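> Please find coords.txt (compact mmCIF, C-alpha atoms and all ligand atoms) on the next line:
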# COMPACT_ATOMS: atom_id res chain seq x y z
CA MET A 9 0.00 0.00 0.00
CA GLU A 10 2.69 2.43 1.06
CA ASN A 11 4.53 1.83 -2.16
CA ASP A 12 1.40 2.45 -4.20
CA GLY A 13 0.77 5.69 -2.30
CA GLY A 14 4.31 6.79 -2.99
CA ALA A 15 3.95 6.08 -6.68
CA LYS A 16 0.69 8.07 -6.81
CA MET A 17 2.35 11.00 -5.07
CA GLU A 18 5.16 10.93 -7.58
CA GLN A 19 2.67 10.82 -10.43
CA ASP A 20 0.73 13.76 -8.93
CA TRP A 21 3.85 15.83 -8.52
CA ALA A 22 4.88 15.08 -12.06
CA ASP A 23 1.47 16.45 -13.14
CA VAL A 24 1.85 19.48 -10.94
CA GLN A 25 5.24 20.25 -12.42
CA ALA A 26 4.06 19.68 -15.97
CA PHE A 27 1.05 21.99 -15.52
CA ASP A 28 3.23 24.57 -13.81
CA ARG A 29 5.71 24.47 -16.66
CA ALA A 30 3.00 24.83 -19.27
CA HIS A 31 0.86 27.52 -17.66
CA LEU A 32 2.48 29.42 -14.80
CA TRP A 33 4.79 32.39 -15.09
CA HIS A 34 7.51 32.48 -12.44
CA PRO A 35 9.62 35.53 -11.54
CA TYR A 36 11.75 36.69 -14.46
CA ALA A 37 10.94 33.47 -16.29
CA SER A 38 10.73 32.19 -19.83
CA MET A 39 7.60 30.38 -21.04
CA VAL A 40 9.68 28.78 -23.79
CA ASP A 41 12.67 27.50 -21.89
CA PRO A 42 11.70 27.72 -18.22
CA VAL A 43 14.13 26.94 -15.43
CA SER A 44 12.76 24.07 -13.30
CA ALA A 45 10.42 25.06 -10.48
CA TRP A 46 10.87 22.58 -7.61
CA PRO A 47 7.66 21.55 -5.84
CA VAL A 48 7.88 22.42 -2.15
CA VAL A 49 5.37 20.79 0.20
CA SER A 50 6.18 22.41 3.52
CA ALA A 51 8.60 24.69 5.29
CA ASP A 52 9.53 24.63 8.95
CA GLY A 53 12.19 26.60 10.83
CA VAL A 54 15.05 27.05 8.37
CA ARG A 55 14.21 24.04 6.20
CA LEU A 56 12.16 23.65 3.03
CA GLU A 57 10.81 20.22 2.22
CA LEU A 58 10.58 19.29 -1.43
CA ALA A 59 7.98 16.91 -2.84
CA CYS A 60 10.73 14.35 -3.43
CA GLY A 61 11.27 14.27 0.36
CA ARG A 62 14.56 16.14 0.28
CA LYS A 63 15.01 18.83 2.94
CA LEU A 64 16.97 21.95 2.09
CA ILE A 65 18.53 24.52 4.39
CA ASP A 66 17.12 27.85 3.28
CA GLY A 67 19.69 30.53 2.52
CA MET A 68 17.22 32.99 0.98
CA SER A 69 14.54 33.73 3.63
CA SER A 70 12.18 33.80 0.65
CA TRP A 71 13.94 36.90 -0.70
CA TRP A 72 14.78 38.67 2.58
CA ALA A 73 11.34 38.15 4.11
CA ALA A 74 11.19 35.07 6.39
CA ILE A 75 13.46 36.43 9.11
CA HIS A 76 11.94 34.23 11.84
CA GLY A 77 11.98 31.10 9.71
CA TYR A 78 8.93 29.18 8.53
CA ASN A 79 5.87 27.82 10.34
CA HIS A 80 6.57 29.94 13.40
CA PRO A 81 3.99 29.19 16.12
CA GLU A 82 3.52 32.84 17.14
CA LEU A 83 3.13 34.07 13.59
CA ASN A 84 0.77 31.19 12.84
CA ARG A 85 -1.27 32.12 15.89
CA ALA A 86 -1.49 35.76 14.86
CA VAL A 87 -2.90 34.83 11.45
CA THR A 88 -5.30 32.22 12.84
CA ASN A 89 -6.64 34.54 15.54
CA GLN A 90 -7.23 37.32 13.06
CA LEU A 91 -8.80 34.92 10.57
CA GLY A 92 -11.45 34.04 13.15
CA ARG A 93 -12.40 37.72 13.39
CA MET A 94 -12.11 39.13 9.89
CA ALA A 95 -9.84 38.27 6.97
CA HIS A 96 -10.34 41.53 5.17
CA VAL A 97 -12.39 44.66 5.12
CA MET A 98 -12.02 47.74 2.96
CA PHE A 99 -9.93 50.53 4.49
CA GLY A 100 -11.94 53.36 2.92
CA GLY A 101 -14.09 54.77 5.72
CA LEU A 102 -13.25 51.90 8.09
CA THR A 103 -10.32 51.11 10.35
CA HIS A 104 -9.26 48.20 12.58
CA ALA A 105 -6.96 47.28 15.44
CA PRO A 106 -4.34 45.36 13.41
CA ALA A 107 -3.67 48.41 11.18
CA VAL A 108 -3.57 50.79 14.15
CA GLU A 109 -1.30 48.52 16.17
CA LEU A 110 1.03 48.11 13.22
CA ALA A 111 1.18 51.86 12.58
CA ARG A 112 1.83 52.43 16.29
CA ARG A 113 4.83 50.10 16.13
CA LEU A 114 6.19 51.52 12.88
CA VAL A 115 5.98 55.09 14.16
CA ALA A 116 7.78 54.05 17.36
CA LEU A 117 10.47 52.01 15.60
CA THR A 118 11.41 54.48 12.85
CA PRO A 119 13.00 57.96 13.25
CA ASP A 120 10.89 60.45 15.25
CA SER A 121 10.18 62.59 12.20
CA LEU A 122 8.35 59.77 10.37
CA GLU A 123 4.83 59.89 11.73
CA LYS A 124 2.43 59.15 8.89
CA VAL A 125 1.95 55.60 7.59
CA PHE A 126 0.51 54.42 4.26
CA LEU A 127 -0.06 50.64 4.18
CA CYS A 128 -0.04 49.02 0.76
CA ASP A 129 0.35 45.74 -1.07
CA SER A 130 3.97 45.09 -1.96
CA GLY A 131 7.41 46.64 -2.07
CA SER A 132 7.02 47.92 -5.60
CA VAL A 133 3.72 49.58 -4.70
CA ALA A 134 5.34 51.15 -1.62
CA VAL A 135 7.91 52.69 -3.98
CA GLU A 136 5.17 53.90 -6.35
CA VAL A 137 3.43 55.46 -3.36
CA ALA A 138 6.67 57.16 -2.27
CA ILE A 139 7.24 58.58 -5.76
CA LYS A 140 3.64 59.81 -5.96
CA MET A 141 4.00 61.42 -2.52
CA ALA A 142 7.11 63.28 -3.66
CA THR A 143 5.37 64.41 -6.86
CA GLN A 144 2.20 65.58 -5.10
CA TYR A 145 4.30 67.32 -2.43
CA TRP A 146 6.03 69.57 -4.95
CA GLN A 147 2.80 70.20 -6.85
CA ALA A 148 1.22 71.30 -3.60
CA ARG A 149 4.15 73.67 -3.04
CA GLY A 150 3.62 75.23 -6.47
CA ARG A 151 6.64 73.49 -8.00
CA PRO A 152 5.17 71.02 -10.53
CA ASP A 153 8.45 71.21 -12.47
CA LYS A 154 10.10 69.24 -9.63
CA ARG A 155 8.98 65.77 -10.67
CA ARG A 156 12.06 63.78 -11.59
CA LEU A 157 14.08 61.42 -9.42
CA LEU A 158 17.79 61.20 -8.76
CA ALA A 159 18.71 57.54 -8.21
CA LEU A 160 21.95 55.57 -7.91
CA ARG A 161 23.41 53.24 -10.47
CA GLY A 162 23.32 49.69 -9.14
CA GLY A 163 19.98 50.36 -7.43
CA TYR A 164 16.85 48.22 -7.47
CA HIS A 165 13.42 49.45 -6.41
CA GLY A 166 10.88 47.01 -7.85
CA ASP A 167 9.16 45.97 -11.05
CA THR A 168 6.28 48.41 -11.54
CA LEU A 169 6.91 51.18 -14.05
CA ALA A 170 7.84 54.14 -11.85
CA ALA A 171 9.88 51.88 -9.57
CA MET A 172 11.65 50.39 -12.60
CA SER A 173 12.50 53.85 -13.88
CA ALA A 174 14.65 54.31 -10.75
CA CYS A 175 16.41 50.92 -11.08
CA ASP A 176 19.89 50.69 -12.56
CA PRO A 177 19.47 51.56 -16.26
CA VAL A 178 21.53 48.55 -17.42
CA THR A 179 20.50 45.71 -15.09
CA GLY A 180 16.99 47.23 -15.00
CA MET A 181 16.85 46.83 -18.81
CA HIS A 182 15.63 50.36 -19.47
CA HIS A 183 16.20 49.92 -23.20
CA LEU A 184 13.29 47.43 -23.33
CA PHE A 185 10.90 50.04 -21.98
CA ALA A 186 12.59 53.14 -23.33
CA ASP A 187 9.39 54.90 -24.45
CA THR A 188 7.35 53.86 -21.43
CA LEU A 189 9.54 54.69 -18.46
CA PRO A 190 9.83 58.18 -17.03
CA LYS A 191 13.39 59.47 -17.47
CA GLN A 192 15.35 59.87 -14.25
CA TYR A 193 18.85 61.05 -13.33
CA PHE A 194 21.46 58.53 -12.17
CA ALA A 195 24.50 59.18 -10.03
CA PRO A 196 27.47 56.78 -10.25
CA ARG A 197 27.30 53.79 -7.93
CA PRO A 198 29.05 54.71 -4.66
CA SER A 199 32.52 53.19 -4.91
CA CYS A 200 33.68 53.68 -1.34
CA ARG A 201 32.86 50.48 0.52
CA PHE A 202 31.19 50.12 3.88
CA ASP A 203 34.43 49.18 5.68
CA ASP A 204 36.83 51.44 3.71
CA SER A 205 38.08 54.77 4.90
CA TRP A 206 35.94 57.49 3.41
CA ASP A 207 37.04 59.05 0.13
CA PRO A 208 35.45 62.51 -0.23
CA SER A 209 35.64 62.31 -4.04
CA ASP A 210 33.05 59.52 -3.96
CA ILE A 211 30.15 61.93 -3.57
CA ALA A 212 31.32 64.33 -6.32
CA GLY A 213 29.18 62.87 -9.15
CA PHE A 214 26.06 62.87 -7.02
CA ALA A 215 26.76 66.40 -5.74
CA ARG A 216 27.13 67.73 -9.27
CA LEU A 217 23.88 66.16 -10.50
CA ILE A 218 21.76 67.36 -7.61
CA GLU A 219 23.15 70.87 -7.88
CA VAL A 220 22.62 71.17 -11.63
CA HIS A 221 19.14 69.61 -11.70
CA ARG A 222 17.77 70.70 -8.35
CA ASP A 223 14.87 72.57 -9.97
CA GLU A 224 13.62 69.41 -11.69
CA ILE A 225 14.32 66.86 -8.97
CA ALA A 226 11.49 65.98 -6.61
CA ALA A 227 13.38 63.34 -4.65
CA VAL A 228 16.49 61.27 -4.34
CA ILE A 229 15.65 57.59 -4.05
CA LEU A 230 18.18 55.03 -2.83
CA GLU A 231 18.67 51.83 -0.89
CA PRO A 232 20.63 52.95 2.18
CA ILE A 233 24.03 51.23 2.71
CA ALA A 234 23.21 47.93 0.97
CA GLN A 235 22.15 47.86 -2.65
CA GLY A 236 20.31 44.57 -3.16
CA ALA A 237 19.11 43.05 -6.42
CA GLY A 238 21.06 45.63 -8.48
CA GLY A 239 24.40 44.21 -7.34
CA MET A 240 24.54 43.28 -3.62
CA TRP A 241 26.87 46.19 -2.95
CA PHE A 242 27.64 47.73 0.47
CA TYR A 243 28.69 51.36 0.54
CA HIS A 244 30.06 53.86 3.06
CA PRO A 245 27.74 55.49 5.63
CA GLU A 246 29.37 58.86 4.98
CA TYR A 247 27.99 58.75 1.43
CA LEU A 248 24.48 58.52 2.88
CA ARG A 249 25.16 61.31 5.39
CA GLN A 250 26.31 63.59 2.58
CA VAL A 251 23.30 62.67 0.42
CA ARG A 252 21.04 63.73 3.29
CA ALA A 253 22.90 67.03 3.66
CA LEU A 254 22.84 67.71 -0.10
CA CYS A 255 19.09 66.99 -0.25
CA ASP A 256 18.58 69.63 2.45
CA THR A 257 20.87 72.13 0.74
CA HIS A 258 19.15 71.73 -2.62
CA ASN A 259 15.58 71.41 -1.42
CA VAL A 260 15.06 67.82 -2.54
CA LEU A 261 13.22 65.06 -0.64
CA LEU A 262 15.03 61.87 0.34
CA ILE A 263 13.25 58.52 -0.16
CA ALA A 264 14.96 55.61 1.63
CA ASP A 265 13.97 52.27 0.18
CA GLU A 266 14.52 49.91 3.13
CA ILE A 267 12.34 47.18 1.67
CA ALA A 268 15.27 44.74 1.69
CA THR A 269 17.44 46.27 4.43
CA GLY A 270 14.73 46.99 7.01
CA PHE A 271 14.17 44.97 10.18
CA GLY A 272 17.75 44.23 11.08
CA ARG A 273 19.27 42.67 7.98
CA THR A 274 22.36 44.93 7.88
CA GLY A 275 22.94 44.76 11.64
CA ARG A 276 20.83 47.84 12.48
CA MET A 277 17.06 47.89 12.66
CA PHE A 278 17.14 50.18 9.60
CA ALA A 279 20.20 50.73 7.44
CA CYS A 280 19.81 54.53 7.70
CA GLU A 281 20.91 54.14 11.32
CA HIS A 282 24.47 53.35 10.13
CA ALA A 283 24.63 57.00 9.05
CA SER A 284 22.35 58.41 11.77
CA ILE A 285 20.07 60.02 9.21
CA ALA A 286 16.33 60.10 8.71
CA PRO A 287 14.71 60.19 5.25
CA ASP A 288 11.61 62.25 4.42
CA ILE A 289 9.91 59.14 3.06
CA LEU A 290 10.67 55.53 4.03
CA CYS A 291 9.59 52.35 2.22
CA LEU A 292 9.29 49.06 4.12
CA GLY A 293 8.17 45.61 2.97
CA LYS A 294 9.45 42.04 2.75
CA ALA A 295 10.35 41.18 6.41
CA LEU A 296 7.51 43.46 7.60
CA THR A 297 5.23 40.41 7.92
CA GLY A 298 8.04 37.96 8.70
CA GLY A 299 7.50 36.65 5.18
CA TYR A 300 3.93 35.47 5.82
CA LEU A 301 1.78 37.77 3.70
CA THR A 302 2.28 40.51 1.20
CA LEU A 303 2.28 43.94 2.82
CA ALA A 304 4.36 47.09 2.62
CA ALA A 305 4.41 50.50 4.21
CA THR A 306 5.42 53.98 3.10
CA LEU A 307 6.08 56.36 5.99
CA SER A 308 6.47 60.10 5.66
CA THR A 309 7.08 63.15 7.78
CA THR A 310 4.14 65.19 8.96
CA GLU A 311 5.35 68.05 6.75
CA VAL A 312 5.19 65.89 3.60
CA ALA A 313 1.79 64.45 4.52
CA GLU A 314 0.21 67.77 5.48
CA THR A 315 1.59 69.62 2.46
CA ILE A 316 0.10 66.97 0.15
CA SER A 317 -3.21 67.14 1.97
CA ARG A 318 -3.42 70.93 1.65
CA GLY A 319 -2.60 70.75 -2.08
CA GLY A 320 -4.98 70.94 -5.04
CA ALA A 321 -6.28 67.37 -4.76
CA GLY A 322 -6.96 67.76 -1.05
CA CYS A 323 -5.80 64.22 -0.43
CA PHE A 324 -3.15 61.70 -1.36
CA MET A 325 -4.20 60.03 -4.61
CA HIS A 326 -3.79 56.34 -3.84
CA GLY A 327 -6.01 53.69 -2.24
CA PRO A 328 -5.57 49.98 -3.02
CA THR A 329 -8.44 47.50 -2.60
CA PHE A 330 -6.44 45.42 -0.13
CA MET A 331 -4.96 48.39 1.72
CA ALA A 332 -4.07 47.46 5.33
CA ASN A 333 -5.29 43.88 4.97
CA PRO A 334 -6.04 42.81 8.57
CA LEU A 335 -4.43 39.36 8.27
CA ALA A 336 -1.22 40.88 6.95
CA CYS A 337 -1.25 43.67 9.56
CA ALA A 338 -1.85 41.17 12.39
CA VAL A 339 1.08 39.01 11.39
CA ALA A 340 3.26 42.10 10.88
CA VAL A 341 2.49 43.19 14.45
CA ALA A 342 3.43 39.72 15.72
CA SER A 343 6.61 39.67 13.62
CA ILE A 344 7.76 43.07 14.90
CA ASP A 345 7.06 42.05 18.51
CA LEU A 346 8.96 38.82 18.01
CA LEU A 347 11.93 40.70 16.57
CA ARG A 348 11.86 43.39 19.25
CA ASP A 349 11.79 40.78 22.03
CA SER A 350 14.60 38.69 20.54
CA ASP A 351 18.38 39.17 20.66
CA TRP A 352 18.46 39.74 16.89
CA GLN A 353 21.39 42.20 17.06
CA VAL A 354 23.61 39.54 18.64
CA ARG A 355 22.36 36.92 16.22
CA VAL A 356 22.98 39.07 13.15
CA GLN A 357 26.44 40.06 14.43
CA ASP A 358 27.29 36.39 15.00
CA MET A 359 26.09 35.48 11.52
CA ASP A 360 28.19 38.31 10.09
CA ARG A 361 31.33 37.01 11.85
CA GLN A 362 30.63 33.40 10.91
CA MET A 363 29.94 34.11 7.23
CA ARG A 364 33.12 36.23 6.98
CA VAL A 365 35.17 33.28 8.25
CA GLU A 366 33.35 30.51 6.42
CA LEU A 367 32.87 32.20 3.05
CA ALA A 368 36.42 33.63 2.93
CA PRO A 369 37.93 30.43 1.39
CA CYS A 370 35.66 30.89 -1.64
CA ALA A 371 37.76 33.94 -2.55
CA THR A 372 40.72 31.65 -3.32
CA LEU A 373 38.84 29.97 -6.20
CA ALA A 374 39.80 31.18 -9.66
CA THR A 375 36.11 31.48 -10.59
CA VAL A 376 35.39 33.83 -7.69
CA ARG A 377 35.93 37.56 -7.97
CA GLU A 378 35.14 38.59 -4.42
CA VAL A 379 33.45 37.65 -1.16
CA ARG A 380 31.67 40.31 0.91
CA VAL A 381 29.51 40.19 4.02
CA LEU A 382 27.40 42.75 5.85
CA GLY A 383 25.18 41.80 8.77
CA ALA A 384 23.17 38.74 7.78
CA ILE A 385 23.98 39.10 4.07
CA GLY A 386 26.76 37.02 2.51
CA VAL A 387 27.78 37.49 -1.12
CA VAL A 388 30.09 35.51 -3.39
CA GLU A 389 30.63 37.41 -6.62
CA MET A 390 31.82 35.22 -9.50
CA HIS A 391 33.71 36.28 -12.64
CA GLU A 392 31.04 34.81 -14.92
CA PRO A 393 27.24 34.62 -14.64
CA LEU A 394 25.84 31.39 -13.23
CA ASP A 395 23.36 29.42 -15.30
CA LEU A 396 20.38 28.51 -13.08
CA HIS A 397 19.68 25.40 -15.18
CA VAL A 398 23.06 24.07 -14.07
CA TRP A 399 23.57 25.51 -10.59
CA THR A 400 20.19 25.09 -8.93
CA PRO A 401 20.31 21.26 -9.17
CA ARG A 402 23.85 21.35 -7.76
CA PHE A 403 22.75 23.34 -4.73
CA ILE A 404 19.72 21.09 -4.21
CA GLU A 405 21.91 18.02 -4.45
CA ALA A 406 24.07 19.59 -1.73
CA GLY A 407 20.98 20.12 0.47
CA ILE A 408 20.75 23.91 0.33
CA TRP A 409 18.41 26.47 -1.22
CA LEU A 410 20.18 29.36 -2.94
CA ARG A 411 19.07 31.32 -5.97
CA PRO A 412 21.97 33.10 -7.66
CA PHE A 413 21.42 35.92 -10.12
CA GLY A 414 23.91 36.98 -12.73
CA ARG A 415 27.40 36.70 -11.24
CA LEU A 416 26.14 36.78 -7.67
CA VAL A 417 25.58 33.90 -5.29
CA TYR A 418 24.20 35.36 -2.09
CA MET A 419 22.64 34.25 1.15
CA MET A 420 20.44 36.09 3.62
CA PRO A 421 19.40 33.32 6.00
CA PRO A 422 16.56 33.57 8.53
CA TYR A 423 17.94 35.12 11.76
CA VAL A 424 16.86 32.01 13.66
CA MET A 425 19.37 29.84 11.82
CA ASN A 426 21.78 28.37 14.38
CA SER A 427 25.50 28.33 13.75
CA ALA A 428 25.57 24.58 12.96
CA ASP A 429 23.01 25.02 10.16
CA LEU A 430 24.78 28.14 8.91
CA SER A 431 27.99 26.08 8.72
CA ILE A 432 26.18 23.44 6.68
CA LEU A 433 24.94 26.17 4.33
CA THR A 434 28.31 27.88 3.87
CA GLY A 435 30.14 24.54 3.70
CA ALA A 436 27.82 23.22 0.99
CA LEU A 437 28.23 26.43 -1.01
CA ARG A 438 32.04 26.22 -0.72
CA ARG A 439 31.96 22.59 -1.82
CA VAL A 440 29.67 23.17 -4.80
CA LEU A 441 31.73 26.12 -6.00
CA SER A 442 35.04 24.31 -5.62
CA GLU A 443 33.84 21.06 -7.23
CA ALA A 444 32.66 22.99 -10.25
CA HIS A 445 36.00 24.79 -10.30
C1 LIG A 501 15.14 47.44 -2.33
C2 LIG A 501 13.88 46.88 -2.93
N1 LIG A 501 12.89 47.70 -3.27
C3 LIG A 501 11.73 47.26 -3.78
C4 LIG A 501 11.54 45.92 -4.03
C5 LIG A 501 10.25 45.43 -4.62
O1 LIG A 501 9.51 44.72 -3.68
P1 LIG A 501 8.37 43.68 -4.16
O2 LIG A 501 9.08 42.55 -4.84
O3 LIG A 501 7.69 43.29 -2.89
O4 LIG A 501 7.47 44.43 -5.09
C6 LIG A 501 12.55 45.01 -3.71
C7 LIG A 501 12.41 43.58 -3.99
O5 LIG A 501 13.33 42.82 -4.13
C8 LIG A 501 13.76 45.50 -3.15
O6 LIG A 501 14.78 44.69 -2.84
Take the structure in the file and write it out as structure tokens.

Amino acid sequence: MENDGGAKMEQDWADVQAFDRAHLWHPYASMVDPVSAWPVVSADGVRLELACGRKLIDGMSSWWAAIHGYNHPELNRAVTNQLGRMAHVMFGGLTHAPAVELARRLVALTPDSLEKVFLCDSGSVAVEVAIKMATQYWQARGRPDKRRLLALRGGYHGDTLAAMSACDPVTGMHHLFADTLPKQYFAPRPSCRFDDSWDPSDIAGFARLIEVHRDEIAAVILEPIAQGAGGMWFYHPEYLRQVRALCDTHNVLLIADEIATGFGRTGRMFACEHASIAPDILCLGKALTGGYLTLAATLSTTEVAETISRGGAGCFMHGPTFMANPLACAVAVASIDLLRDSDWQVRVQDMDRQMRVELAPCATLATVREVRVLGAIGVVEMHEPLDLHVWTPRFIEAGIWLRPFGRLVYMMPPYVMNSADLSILTGALRRVLSEAH
């Protein structure tokens, strides 16, 4: 009987995979030559279980989000409790405790000046909201000509159109959407690294652009300290401090996109804290719900919010159907409380130290260009791009879940990963890279 059941399961999963391959888009995927999508049946702690029975140690936290690991009892309880009361209700004309409790925590956790909270669906939408806030702000101040953005090369801000327009022009493939995307200004990628001594010439390109175009620029948008999907690059806090000062000098708003870096990933609750600065607008997402449900937040200063509200439209022009979804807000509240009550700073520091030691030997391989680590982010940059068709099965065979892009193999494990599991993850990565060497 057991054998028959096993055979049926296998058959079912073969069907699932075949249907998936024929009909389902995956992120950045081809419908002609799709990379395999591996059926996963459950996830618990730091392990994903595949349909074939294999368990993988998760190095991705589901793209920065699952900081507490999977199937966490307290996060499960938060969703279940809320589900018994109300899964969703429109946010126009109504409010509810999960949204209020979440806003209360976000206002307390972020810099004092950020007091107004817009809850929305995803990171990309949070960036759209931030850009619309900046645009409406300058309209309300009688400066409709200030509507462009100044972004950094190597940046990534999401996949919707306005967000894409602020992504790195090359890796963001602007040429494909040349006539559709709004045109923005781009400063060179900061070259001075997080741990280097500060080189004052690093800010010169940015300083020139903001000075020359200050009358057209509504806002600077950047990922503070750690650029993520545009290159996994960690830059000097002084760069960020000077950006803040230049925004003030030239009357430009600063949007900090902390969708990836927020909630402790770089070793501080928010990466802006490395430079002791506060943005005018802050975008949060990903780890906001501990990776359980899609939710993001755009926070602004009172000045930005009130200026918009006194402008021509009399309100901020955005209001998604699923705004402040109660299930997502409830789990976000639980996730923030869990983080706040944990020793995450110590854990992230330990992971930083351990990854520095255990990933360092990768740098001796001829195929590897560089290894870099910041907080709970470990990056192995290769000389050549890695083909997912080839590398994903190798990682799975080694018992780990990593998803390289381009020349970058990177890990941002759940903070709850213990040092033995982290050693298995880094050891398997070292082995796979050196065997393929
Ligand atoms: C810095 C940053 N901004 C925005 C986004 C977009 O978020 P989402 O994928 O939730 O739309 C991402 C996603 O990777 C990100 O890393």
> Please tabulate, as a tab-separated table, the residues of chain A that come within 7 Å of ligand LIG 501 (chain A), each with its closest pair of atoms and the distance in Å to one decimal, counting all atoms listed in the file and ordering rows by chain, then residue number upward.

residue	atom	partner	partner_atom	distance
A:Trp71	CA	A:LIG501	O5	6.9
A:Ser130	CA	A:LIG501	O3	4.2
A:Gly131	CA	A:LIG501	O1	3.3
A:Ser132	CA	A:LIG501	O4	3.6
A:Val133	CA	A:LIG501	O4	6.4
A:Val135	CA	A:LIG501	C3	6.6
A:Tyr164	CA	A:LIG501	C1	5.5
A:His165	CA	A:LIG501	N1	3.6
A:Gly166	CA	A:LIG501	C5	3.7
A:Asp167	CA	A:LIG501	O4	6.4
A:Glu231	CA	A:LIG501	C1	5.8
A:Gly236	CA	A:LIG501	O6	5.5
A:Ala237	CA	A:LIG501	O6	5.9
A:Asp265	CA	A:LIG501	C1	5.6
A:Glu266	CA	A:LIG501	C1	6.0
A:Ile267	CA	A:LIG501	C2	4.9
A:Ala268	CA	A:LIG501	O6	4.6
A:Gly293	CA	A:LIG501	O3	6.3
A:Lys294	CA	A:LIG501	O3	6.0
> I'd like the contact shell of A:Tyr243 - 9 Å cut-off, all atoms listed in the file, skipping same-chain residues fewer than 5 positions apart - returned as a PyMOL selection string.
chain A and resi 197-204+232-235+248
> Write out as CSV the residues of stretch 354-392 of chain A that have any atom within 12 Å of an atom of stretch 400-411 of chain A, one row each with the nearest atom pair and its distance in Å to one decimal, counting only C-alpha atoms, sorted by chain and then rising number.

residue,atom,partner,partner_atom,distance
A:Gly386,CA,A:Leu410,CA,11.5
A:Val387,CA,A:Leu410,CA,11.3
A:Val388,CA,A:Leu410,CA,11.7
> Using atom CA of A:Ile229 and atom CA of A:Ala159 as the two end points, give the distance in Å to one decimal.
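These two atoms are separated by 5.2 Å.
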> Could you name the residues that touch stretch 389-395 of chain A at 6 Å or less, counting only C-alpha atoms, but leaving out those on the same chain fewer than 4 positions away, as a PyMOL selection string?
chain A and resi 375-378+414-416
> Using only C-alpha atoms, can you tell me which of A:Val49, A:Ala148, A:Leu290, A:Val379 comes closest to A:Gly320?
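Nearest candidate to A:Gly320 out of A:Val49, A:Ala148, A:Leu290, A:Val379: A:Ala148.
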> Find the residue from A:Ala371, A:Ala444, A:Ala226, A:Leu127 that sits nearest to A:Asp153; use all atoms listed in the file when measuring.
A:Ala226
> Measure the distance from atom CA of A:Leu58 to atom CA of A:Met39 in Å and round it to one decimal.
22.7 Å
> Can you pull out the residues contacting stretch 86-94 of chain A? Cut-off 9 Å, using all atoms listed in the file, and skip same-chain residues under 2 positions away; I want them as a list in words.
Pro81, Glu82, Leu83, Asn84, His96, Val97, Pro106, Tyr300, Pro334, Leu335, Ala336, Ala338, Val339, Ala340, Val341 and Ala342 of chain A
> In Å, rounded to a single decimal, give me how far atom CA of A:Leu292 is from atom CA of A:Gly101.
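Between these atoms lies a distance of 24.1 Å.
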> From the options A:Ser431, A:Thr118, A:Gln147, A:Gln19, which residue's atoms come nearest to A:Arg318, counting all atoms listed in the file?
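Nearest to A:Arg318: A:Gln147.
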> Counting only C-alpha atoms, which residues have an atom no more than 10 Å from (25.1, 40.3, 14.1) in the file's coordinates? Please list them as JSON, numbers by chain.
{"A": [272, 273, 274, 275, 276, 351, 352, 353, 354, 355, 356, 357, 358, 359, 360, 361, 362, 382, 383, 384, 423]}
> Nearest residue to A:Thr302 out of A:Phe214, A:Phe99, A:Phe126, A:Phe330, using all atoms listed in the file?
A:Phe330
> Looking at all atoms listed in the file, which of A:Ala227, A:Ile139, A:Leu102, A:Val251 is the one that sits closest to A:Leu158?
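Selected residue with least distance to A:Leu158: A:Ala227.
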> What lies within 7 Å of A:Val54 using only C-alpha atoms, ignoring chain neighbours under 6 positions off, as a tab-separated table (two decimals) with C-alpha atoms, in the coordinates of the input?

chain	number	residue	atom	x	y	z
A	65	ILE	CA	18.53	24.52	4.39
A	66	ASP	CA	17.12	27.85	3.28
A	77	GLY	CA	11.98	31.10	9.71
A	78	TYR	CA	8.93	29.18	8.53
A	422	PRO	CA	16.56	33.57	8.53
A	425	MET	CA	19.37	29.84	11.82
> How big is the axis-aligned box, and where does its centre sit, when it encloses all atoms of stretch 73-84 of chain A listed in the file and has 3 Å added on every side, reported in Å to one decimal as lines of an AutoDock Vina configuration file?

center_x = 7.1
center_y = 33.0
center_z = 10.6
size_x = 18.7
size_y = 16.3
size_z = 19.0
> Compare A:Val417, A:Met325, A:Ile344, A:Ala283 by their minimum atom-to-atom distance to A:Thr143, counting all atoms listed in the file, and give me the closest one.
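Nearest to A:Thr143: A:Met325.
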